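Undergrad: Please find input.cif (mmCIF, C-alpha atoms) on the next line:
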```cif
data_start
#
loop_
_atom_site.label_atom_id
_atom_site.label_comp_id
_atom_site.auth_asym_id
_atom_site.auth_seq_id
_atom_site.Cartn_x
_atom_site.Cartn_y
_atom_site.Cartn_z
CA MET A 1 -17.93 16.94 -6.41
CA VAL A 2 -16.03 13.82 -7.48
CA GLN A 3 -12.26 14.18 -7.15
CA ILE A 4 -9.91 12.31 -9.55
CA LYS A 5 -6.20 12.24 -8.91
CA GLU A 6 -3.49 10.04 -10.42
CA PHE A 7 -0.48 9.40 -8.22
CA ARG A 8 2.61 8.04 -9.96
CA ILE A 9 5.11 6.32 -7.67
CA VAL A 10 8.41 5.52 -9.37
CA MET A 11 10.38 2.64 -7.83
CA PRO A 12 13.97 1.37 -8.30
CA VAL A 13 12.79 -2.22 -8.85
CA SER A 14 11.44 -4.27 -11.74
CA VAL A 15 7.74 -4.93 -12.27
CA GLU A 16 8.36 -8.59 -11.38
CA GLU A 17 10.22 -7.70 -8.17
CA TYR A 18 7.51 -5.27 -7.12
CA SER A 19 4.87 -8.03 -7.15
CA ILE A 20 6.75 -9.56 -4.19
CA ALA A 21 7.80 -6.26 -2.62
CA GLN A 22 4.22 -4.97 -2.52
CA LEU A 23 2.90 -8.05 -0.71
CA TYR A 24 5.69 -7.96 1.85
CA MET A 25 5.31 -4.22 2.43
CA VAL A 26 1.54 -4.42 2.95
CA MET A 27 1.85 -7.35 5.35
CA ARG A 28 4.56 -5.79 7.46
CA MET A 29 2.93 -2.36 7.65
CA GLN A 30 -0.43 -3.83 8.64
CA GLN A 31 1.32 -5.97 11.24
CA ASN A 32 3.01 -2.87 12.67
CA HIS A 33 -0.20 -0.83 12.79
CA THR A 34 -2.58 -3.46 14.21
CA THR A 35 -3.18 -3.63 17.98
CA SER A 36 -5.88 -5.05 20.23
CA THR A 37 -8.09 -2.00 19.63
CA GLU A 38 -7.53 -0.96 16.01
CA GLY A 39 -5.96 -2.05 12.76
CA VAL A 40 -6.83 -4.39 9.90
CA GLU A 41 -9.24 -7.34 10.01
CA VAL A 42 -9.14 -9.77 7.08
CA LEU A 43 -12.64 -11.08 6.31
CA GLU A 44 -12.21 -13.12 3.15
CA LYS A 45 -9.69 -14.25 0.57
CA ARG A 46 -10.46 -16.23 -2.56
CA PRO A 47 -9.36 -16.59 -6.18
CA PHE A 48 -11.31 -14.72 -8.85
CA GLU A 49 -11.38 -14.38 -12.62
CA ASP A 50 -12.39 -11.14 -14.31
CA ASP A 51 -11.99 -10.08 -17.92
CA VAL A 52 -12.01 -6.38 -17.01
CA LEU A 53 -8.86 -6.64 -14.89
CA GLY A 54 -7.24 -8.92 -17.39
CA GLY A 55 -7.45 -12.42 -15.97
CA LYS A 56 -7.18 -14.35 -12.72
CA GLY A 57 -6.22 -12.97 -9.36
CA LEU A 58 -6.97 -12.84 -5.65
CA PHE A 59 -10.02 -11.16 -4.10
CA THR A 60 -9.64 -9.85 -0.54
CA SER A 61 -12.19 -8.31 1.80
CA LYS A 62 -10.96 -6.31 4.81
CA GLU A 63 -12.15 -3.92 7.51
CA TYR A 64 -10.01 -1.04 8.70
CA HIS A 65 -10.48 0.00 12.33
CA LEU A 66 -8.45 3.22 12.37
CA GLN A 67 -10.13 5.44 14.95
CA SER A 68 -6.95 7.23 16.03
CA LYS A 69 -6.22 8.31 12.45
CA VAL A 70 -9.57 10.04 11.92
CA PRO A 71 -9.18 13.86 11.74
CA SER A 72 -10.70 15.50 14.81
CA TRP A 73 -13.04 17.73 12.80
CA LEU A 74 -14.72 14.69 11.25
CA THR A 75 -15.74 13.35 14.67
CA THR A 76 -18.16 16.28 14.94
CA PHE A 77 -20.23 14.54 12.26
CA ALA A 78 -19.80 10.96 13.48
CA PRO A 79 -18.23 9.08 16.40
CA ALA A 80 -14.73 7.82 15.66
CA ASP A 81 -15.70 4.18 16.25
CA ALA A 82 -18.40 4.45 13.57
CA LEU A 83 -15.84 5.24 10.88
CA VAL A 84 -14.92 1.64 10.06
CA MET A 85 -13.78 1.41 6.44
CA LYS A 86 -14.63 -1.69 4.41
CA GLU A 87 -12.41 -2.60 1.48
CA GLN A 88 -12.90 -5.01 -1.38
CA ALA A 89 -9.75 -5.54 -3.45
CA TRP A 90 -9.05 -7.42 -6.67
CA ASN A 91 -5.37 -8.16 -7.30
CA ALA A 92 -4.73 -9.34 -10.87
CA TYR A 93 -1.17 -8.02 -10.95
CA PRO A 94 -0.01 -5.94 -12.77
CA ARG A 95 -3.55 -4.53 -12.53
CA CYS A 96 -5.27 -4.01 -9.17
CA LYS A 97 -8.47 -2.37 -7.95
CA SER A 98 -9.74 -1.46 -4.49
CA VAL A 99 -13.17 -0.15 -3.51
CA ILE A 100 -13.53 1.36 -0.03
CA LYS A 101 -16.82 2.28 1.64
CA CYS A 102 -18.01 3.38 5.07
CA SER A 103 -21.19 1.97 6.62
CA TYR A 104 -21.80 5.22 8.53
CA PHE A 105 -21.42 7.55 5.52
CA THR A 106 -23.28 5.35 3.04
CA LYS A 107 -22.76 7.68 0.05
CA PHE A 108 -19.00 7.83 0.49
CA LEU A 109 -17.01 5.94 -2.15
CA LEU A 110 -13.25 5.63 -2.66
CA THR A 111 -11.83 3.71 -5.61
CA ILE A 112 -8.13 3.07 -6.26
CA GLU A 113 -7.15 1.54 -9.60
CA THR A 114 -3.48 0.67 -10.10
CA ILE A 115 -1.50 -0.25 -13.19
CA HIS A 116 2.18 -1.16 -12.87
CA ARG A 117 4.48 -0.42 -15.80
CA ALA A 118 8.20 -0.74 -16.50
CA ASP A 119 8.84 2.99 -17.01
CA ASN A 120 9.79 6.11 -15.04
CA GLY A 121 6.33 7.63 -14.67
CA MET A 122 6.10 9.45 -17.98
CA SER A 123 3.33 7.36 -19.62
CA GLU A 124 0.12 9.30 -20.19
CA ASN A 125 -3.40 7.98 -19.76
CA VAL A 126 -2.48 4.42 -18.83
CA HIS A 127 -5.99 4.08 -17.39
CA ASN A 128 -7.65 4.92 -20.72
CA LEU A 129 -9.69 7.80 -19.30
CA SER A 130 -12.27 9.67 -21.33
CA GLU A 131 -11.74 13.28 -22.37
CA GLU A 132 -14.05 14.39 -19.55
CA GLN A 133 -12.13 12.36 -16.98
CA LEU A 134 -8.79 13.63 -18.27
CA ALA A 135 -10.01 17.21 -17.89
CA ALA A 136 -10.90 16.53 -14.25
CA ARG A 137 -7.82 14.45 -13.43
CA GLN A 138 -4.89 15.83 -11.47
CA VAL A 139 -1.47 14.17 -11.74
CA GLU A 140 1.23 14.07 -9.06
CA ILE A 141 4.53 12.20 -9.24
CA ILE A 142 5.61 11.03 -5.78
CA ASP A 143 9.37 10.97 -5.19
CA ILE A 144 10.17 8.35 -2.54
CA ALA A 145 13.52 10.10 -1.94
CA SER A 146 11.70 13.23 -0.79
CA ALA A 147 12.04 14.26 2.86
CA GLU A 148 8.93 16.45 2.63
CA ARG A 149 6.45 15.97 5.47
CA ASP A 150 3.02 17.42 6.21
CA TYR A 151 0.19 16.99 8.71
CA TRP A 152 -0.93 13.73 7.14
CA SER A 153 2.56 12.27 7.29
CA PHE A 154 2.26 12.24 11.07
CA ILE A 155 -1.39 11.11 11.15
CA VAL A 156 -1.06 8.23 8.66
CA GLY A 157 2.49 7.25 9.58
CA ARG A 158 6.01 8.39 8.94
CA SER A 159 8.63 6.11 7.45
CA SER A 160 12.04 6.01 9.12
CA VAL A 161 13.70 5.24 5.79
CA ASP A 162 15.68 8.03 4.09
CA CYS A 163 15.90 6.80 0.50
CA SER A 164 18.34 9.59 -0.37
CA LYS A 165 20.87 7.92 1.96
CA PHE A 166 19.82 4.25 2.02
CA ARG A 167 21.87 1.68 0.10
CA SER A 168 20.78 -1.93 -0.28
CA VAL A 169 23.42 -4.44 0.80
CA ARG A 170 21.99 -7.32 -1.23
CA THR A 171 21.32 -5.44 -4.48
CA GLY A 172 23.65 -2.42 -4.33
CA ARG A 173 20.76 -0.10 -5.20
CA GLY A 174 20.62 3.37 -3.75
CA PRO A 175 21.05 5.95 -2.49
CA LEU A 176 18.42 7.72 -4.59
CA LEU A 177 19.96 11.06 -5.47
CA GLU A 178 18.40 13.94 -7.41
CA GLY A 179 17.17 12.85 -10.84
CA TRP A 180 17.44 9.15 -9.96
CA GLN A 181 14.20 8.34 -11.82
CA ASP A 182 15.88 9.07 -15.17
CA LYS A 183 19.02 7.04 -14.43
CA CYS A 184 17.79 4.07 -12.44
CA VAL A 185 17.90 0.48 -13.78
CA PRO A 186 15.66 -1.35 -13.13
CA VAL A 187 12.76 1.05 -12.77
CA MET A 188 8.97 0.80 -12.69
CA THR A 189 5.96 2.95 -11.81
CA ALA A 190 2.76 2.30 -9.91
CA TYR A 191 0.08 4.44 -11.58
CA LYS A 192 -2.61 4.85 -8.91
CA LEU A 193 -5.86 6.46 -10.04
CA VAL A 194 -7.75 7.62 -6.94
CA THR A 195 -11.41 8.58 -7.31
CA VAL A 196 -13.22 9.84 -4.22
CA ASP A 197 -16.82 10.95 -3.89
CA ALA A 198 -18.33 12.29 -0.63
CA PRO A 199 -21.60 13.97 -1.69
CA TYR A 200 -22.37 15.61 1.64
CA TRP A 201 -23.30 19.26 1.97
CA GLY A 202 -21.08 21.29 4.25
CA PHE A 203 -18.15 18.91 4.66
CA GLY A 204 -18.08 16.64 1.59
CA ASN A 205 -15.38 18.58 -0.29
CA ARG A 206 -13.25 18.86 2.83
CA LEU A 207 -13.54 15.10 3.37
CA GLU A 208 -12.55 14.40 -0.25
CA GLN A 209 -9.46 16.60 0.05
CA ALA A 210 -8.54 14.94 3.36
CA VAL A 211 -8.82 11.49 1.80
CA LEU A 212 -6.57 12.47 -1.11
CA ALA A 213 -3.99 13.95 1.25
CA GLY A 214 -4.15 10.86 3.42
CA GLU A 215 -3.71 8.53 0.46
CA ARG A 216 -0.72 10.55 -0.74
CA ALA A 217 0.95 10.28 2.67
CA LEU A 218 0.22 6.55 2.78
CA PHE A 219 1.65 6.00 -0.71
CA LEU A 220 4.82 7.90 0.23
CA GLU A 221 5.35 6.06 3.52
CA SER A 222 4.57 2.60 2.16
CA HIS A 223 6.82 2.91 -0.89
CA GLN A 224 9.71 4.35 1.13
CA ASN A 225 9.37 1.30 3.37
CA CYS A 226 9.07 -0.93 0.32
CA PHE A 227 12.53 0.13 -0.89
CA GLY A 228 13.98 0.39 2.61
CA TRP A 229 13.02 -3.25 3.29
CA ILE A 230 14.42 -4.56 -0.01
CA ASP A 231 17.09 -6.65 1.74
CA GLU A 232 14.29 -8.43 3.62
CA TRP A 233 11.97 -9.32 0.71
CA PHE A 234 14.49 -9.59 -2.13
CA GLY A 235 14.78 -13.18 -3.33
CA MET A 236 11.52 -14.40 -1.79
CA THR A 237 9.27 -16.50 -4.02
CA VAL A 238 5.53 -16.13 -4.64
CA GLU A 239 4.96 -19.41 -2.81
CA GLN A 240 6.86 -18.17 0.23
CA MET A 241 4.83 -14.96 0.22
CA HIS A 242 1.52 -16.83 0.02
CA ASN A 243 2.56 -19.09 2.89
CA LEU A 244 3.51 -16.05 4.93
CA GLU A 245 0.26 -14.27 4.08
CA GLN A 246 -1.93 -16.96 5.63
CA LYS A 247 -0.05 -16.88 8.93
CA PHE A 248 -0.02 -13.09 8.83
CA ASP A 249 -3.78 -12.73 8.23
CA SER A 250 -4.58 -15.03 11.14
CA SER A 251 -2.19 -13.07 13.37
CA LEU A 252 -3.94 -9.79 12.50
CA ASN A 253 -7.38 -11.11 13.39
CA GLN A 254 -6.10 -12.60 16.64
CA LYS A 255 -4.67 -9.24 17.68
CA LEU A 256 -8.11 -7.65 17.20
CA GLY A 257 -9.86 -10.53 18.92
CA LYS A 258 -11.62 -11.51 15.67
CA PRO A 259 -12.26 -14.99 14.23
CA THR A 260 -9.37 -16.58 12.33
CA LEU A 261 -9.72 -16.27 8.58
CA MET A 262 -10.71 -19.46 6.78
CA GLU A 263 -9.36 -19.54 3.22
CA SER A 264 -10.25 -21.68 0.28
CA LYS A 265 -7.32 -23.88 -0.67
CA GLU A 266 -8.06 -23.38 -4.34
CA GLY A 267 -5.42 -21.15 -5.84
CA LEU A 268 -3.73 -20.48 -2.49
CA ASN A 269 -0.63 -21.96 -0.91
CA HIS A 270 -0.57 -23.09 2.70
CA GLY A 271 1.81 -24.22 5.38
CA CYS A 272 4.51 -22.11 7.02
CA SER A 273 6.95 -23.22 9.69
CA LEU A 274 7.36 -19.76 11.25
CA GLU A 275 4.92 -17.15 12.53
CA SER A 276 4.83 -13.95 10.46
CA GLU A 277 6.32 -11.78 13.21
CA ASP A 278 9.21 -14.25 13.62
CA ILE A 279 9.99 -14.02 9.90
CA PHE A 280 9.89 -10.22 9.98
CA LYS A 281 12.27 -10.20 12.97
CA GLN A 282 14.64 -12.70 11.40
CA ARG A 283 14.79 -10.86 8.10
CA SER A 284 15.22 -7.51 9.86
CA GLN A 285 18.05 -8.99 11.93
CA LEU A 286 19.68 -10.38 8.79
CA ASN A 287 19.38 -6.97 7.14
CA SER A 288 21.04 -5.27 10.13
CA GLU A 289 23.87 -7.81 10.23
CA GLN A 290 24.50 -7.41 6.49
CA HIS A 291 24.47 -3.64 6.83
CA GLY A 292 27.01 -3.85 9.67
CA LEU A 293 29.31 -5.99 7.58
CA ALA A 294 29.06 -3.56 4.66
CA VAL A 295 29.91 -0.59 6.88
CA ALA A 296 32.86 -2.46 8.38
CA ALA A 297 34.13 -3.30 4.89
CA GLN A 298 33.92 0.35 3.86
CA ASP A 299 35.83 1.44 7.00
CA ASN A 300 38.60 -0.97 6.13
#
```
Step by step, read the file and then write its structure as structure tokens.
TA:
Amino acid sequence: MVQIKEFRIVMPVSVEEYSIAQLYMVMRMQQNHTTSTEGVEVLEKRPFEDDVLGGKGLFTSKEYHLQSKVPSWLTTFAPADALVMKEQAWNAYPRCKSVIKCSYFTKFLLTIETIHRADNGMSENVHNLSEEQLAARQVEIIDIASAERDYWSFIVGRSSVDCSKFRSVRTGRGPLLEGWQDKCVPVMTAYKLVTVDAPYWGFGNRLEQAVLAGERALFLESHQNCFGWIDEWFGMTVEQMHNLEQKFDSSLNQKLGKPTLMESKEGLNHGCSLESEDIFKQRSQLNSEQHGLAVAAQDN
């Protein structure tokens, strides 16, 4: 049975700021989770134009080698190394779409459609669903200030950021206390419509529920990090992010022992004087130094 669930992630940033924050967050998280044996391999990047998504954007093709994150019960149906996920993504911000398949389970299909809006998560049917789809859809608002954890929080990854205590040095935003979504300025919401179909007798429904739970945990962790790293990405330009992306993608493939990605220069920016890991370290160090100065000022 096809599962449809809409996750709404409210963020204390503007829609324009989130376009940078999202890129930085994805790059850094993939860098942290990629090793010589598993992680993310970037296959292709190129500009695209599509009327359905509302204009021009960037198409990306990736493979996810995430054997250690596969639930143990699923390995009774397939070896862990066969569960390589292939993603095609179209980013025409503020609209994005990802389609994820698995070559081993050929009928499996996961689609994530995202619309970003400058509101606090209260808009209904931003994806223009039919009456039938609305009847099947479940809605969950994810609070990034929540300390709630479950099994999937430990499997997918657990953020070290406590948004209910974190305060940004550079922007003064935070901590996110109870009811912050109704008081925060600026504010925006990522409306993520997740549709998963695993038409397999005996374990299909269990797989669909596991995927939804895994996506929820990933959305929570990534967006907590997104806010927690605000002092690192805040003020970066689109050009700087594109320059960083190219170095970052090559670094990922090198870690996995895969060929370096060759990008079309059309629509993409190139040239970066620092390796991606160096930039992450420098910005993290700057963030720590700024935080130390802020604490010292408060003590005085």
Undergrad: Nearest residue to Pro199 in chain A out of A:Ser222, A:Thr35, A:Thr106, A:Ser123, using only C-alpha atoms?
TA: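 The shortest atom-to-atom distance to Pro199 in chain A comes from A:Thr106.
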Undergrad: Between A:Glu44, A:Tyr191, A:Gly172, A:Thr34, single out the one closest to Gly121 in chain A, counting all atoms listed in the file.
TA: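 Using all atoms listed in the file, the shortest distance to Gly121 in chain A belongs to A:Tyr191.
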Undergrad: Could you jot down the CA of Phe7 in chain A to CA of Ile141 in chain A separation for me, Å, one decimal place?
TA: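 It comes out at 5.8 Å.
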Undergrad: Would you mind telling me which residue in A:Tyr18, A:Tyr24, A:Phe248, A:Tyr151 lies nearest to Met188 in chain A when using all atoms listed in the file?
TA: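 Distance minimum relative to Met188 in chain A lands on A:Tyr18.
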Undergrad: What's around range 138-140 of chain A at 10 Å? Count all atoms listed in the file, leave out sequence neighbours fewer than 5 positions away in its own chain, and write the answer as an mmCIF file with C-alpha atoms, in the frame of the given file.
TA:
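Result file is out-v2.cif:
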```
data_model
loop_
_atom_site.group_PDB
_atom_site.id
_atom_site.type_symbol
_atom_site.label_atom_id
_atom_site.label_comp_id
_atom_site.auth_asym_id
_atom_site.auth_seq_id
_atom_site.Cartn_x
_atom_site.Cartn_y
_atom_site.Cartn_z
ATOM 1 C CA GLN A 3 -12.260 14.180 -7.150
ATOM 2 C CA ILE A 4 -9.910 12.310 -9.550
ATOM 3 C CA LYS A 5 -6.200 12.240 -8.910
ATOM 4 C CA GLU A 6 -3.490 10.040 -10.420
ATOM 5 C CA PHE A 7 -0.480 9.400 -8.220
ATOM 6 C CA ARG A 8 2.610 8.040 -9.960
ATOM 7 C CA ILE A 9 5.110 6.320 -7.670
ATOM 8 C CA GLY A 121 6.330 7.630 -14.670
ATOM 9 C CA GLU A 124 0.120 9.300 -20.190
ATOM 10 C CA GLN A 133 -12.130 12.360 -16.980
ATOM 11 C CA TYR A 191 0.080 4.440 -11.580
ATOM 12 C CA LYS A 192 -2.610 4.850 -8.910
ATOM 13 C CA LEU A 193 -5.860 6.460 -10.040
ATOM 14 C CA VAL A 194 -7.750 7.620 -6.940
ATOM 15 C CA ARG A 216 -0.720 10.550 -0.740
#
```
Undergrad: Using all atoms listed in the file, find all polymer residues with an atom at most 10 Å away from the point (15.1, 10.8, -11.7); report them as a PyMOL selection string.
TA: chain A and resi 10+120-121+143+145+176-184
Undergrad: Just how far from CA of Ser61 in chain A is CA of Ser98 in chain A, in Å to one decimal?
TA: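 According to the coordinates, CA of Ser98 in chain A and CA of Ser61 in chain A are separated by 9.6 Å.
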Undergrad: Take the PyMOL selection byres ((chain A and resi 214) around 12), apply it to the structure above, and return the hits as a list of chain:residue names.
TA: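 On this input, the PyMOL selection byres ((chain A and resi 214) around 12) captures A:Lys69, A:Val70, A:Pro71, A:Arg149, A:Asp150, A:Tyr151, A:Trp152, A:Ser153, A:Phe154, A:Ile155, A:Val156, A:Gly157, A:Arg158, A:Val194, A:Val196, A:Leu207, A:Glu208, A:Gln209, A:Ala210, A:Val211, A:Leu212, A:Ala213, A:Glu215, A:Arg216, A:Ala217, A:Leu218, A:Phe219, A:Leu220, A:Glu221.
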Undergrad: Taking the file above as input, evaluate the PyMOL selection byres ((chain A and resi 255) around 9) and report the hits as a list in words.
TA: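 That expression, the PyMOL selection byres ((chain A and resi 255) around 9), corresponds here to Thr34, Thr35, Ser36, Thr37, Glu38, Gly39, Ser250, Ser251, Leu252, Asn253, Gln254, Leu256, Gly257 and Lys258 of chain A.
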Undergrad: Pick the closest to Pro94 in chain A from A:Lys165, A:Lys107, A:His242, A:His116: which is it, counting only C-alpha atoms?
TA: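 For Pro94 in chain A, the nearest of the candidates is A:His116.
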Undergrad: Determine the nearest neighbour of Val187 in chain A from the options A:Val13, A:Phe59, A:Ala78, A:Asp249, counting all atoms listed in the file.
TA: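 Counting all atoms listed in the file, the residue closest to Val187 in chain A is A:Val13.
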Undergrad: Considering all atoms listed in the file, state which residue in the set A:His127, A:Asn225, A:Ser160, A:Glu63 is at the smallest distance from Thr114 in chain A.
TA: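 Selected residue with least distance to Thr114 in chain A: A:His127.
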Undergrad: Hey, what comes out of the PyMOL selection byres ((chain A and resi 100-103) around 6) on this file? Could you write it as a list in words?
TA: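 That expression, the PyMOL selection byres ((chain A and resi 100-103) around 6), corresponds here to Met85, Lys86, Glu87, Val99, Tyr104, Phe105, Thr106, Leu109 and Leu110 of chain A.
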Undergrad: Enter the distance from CA of Arg117 in chain A to CA of Val15 in chain A, in Å, rounded to one decimal.
TA: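 CA of Arg117 in chain A sits 6.6 Å away from CA of Val15 in chain A.
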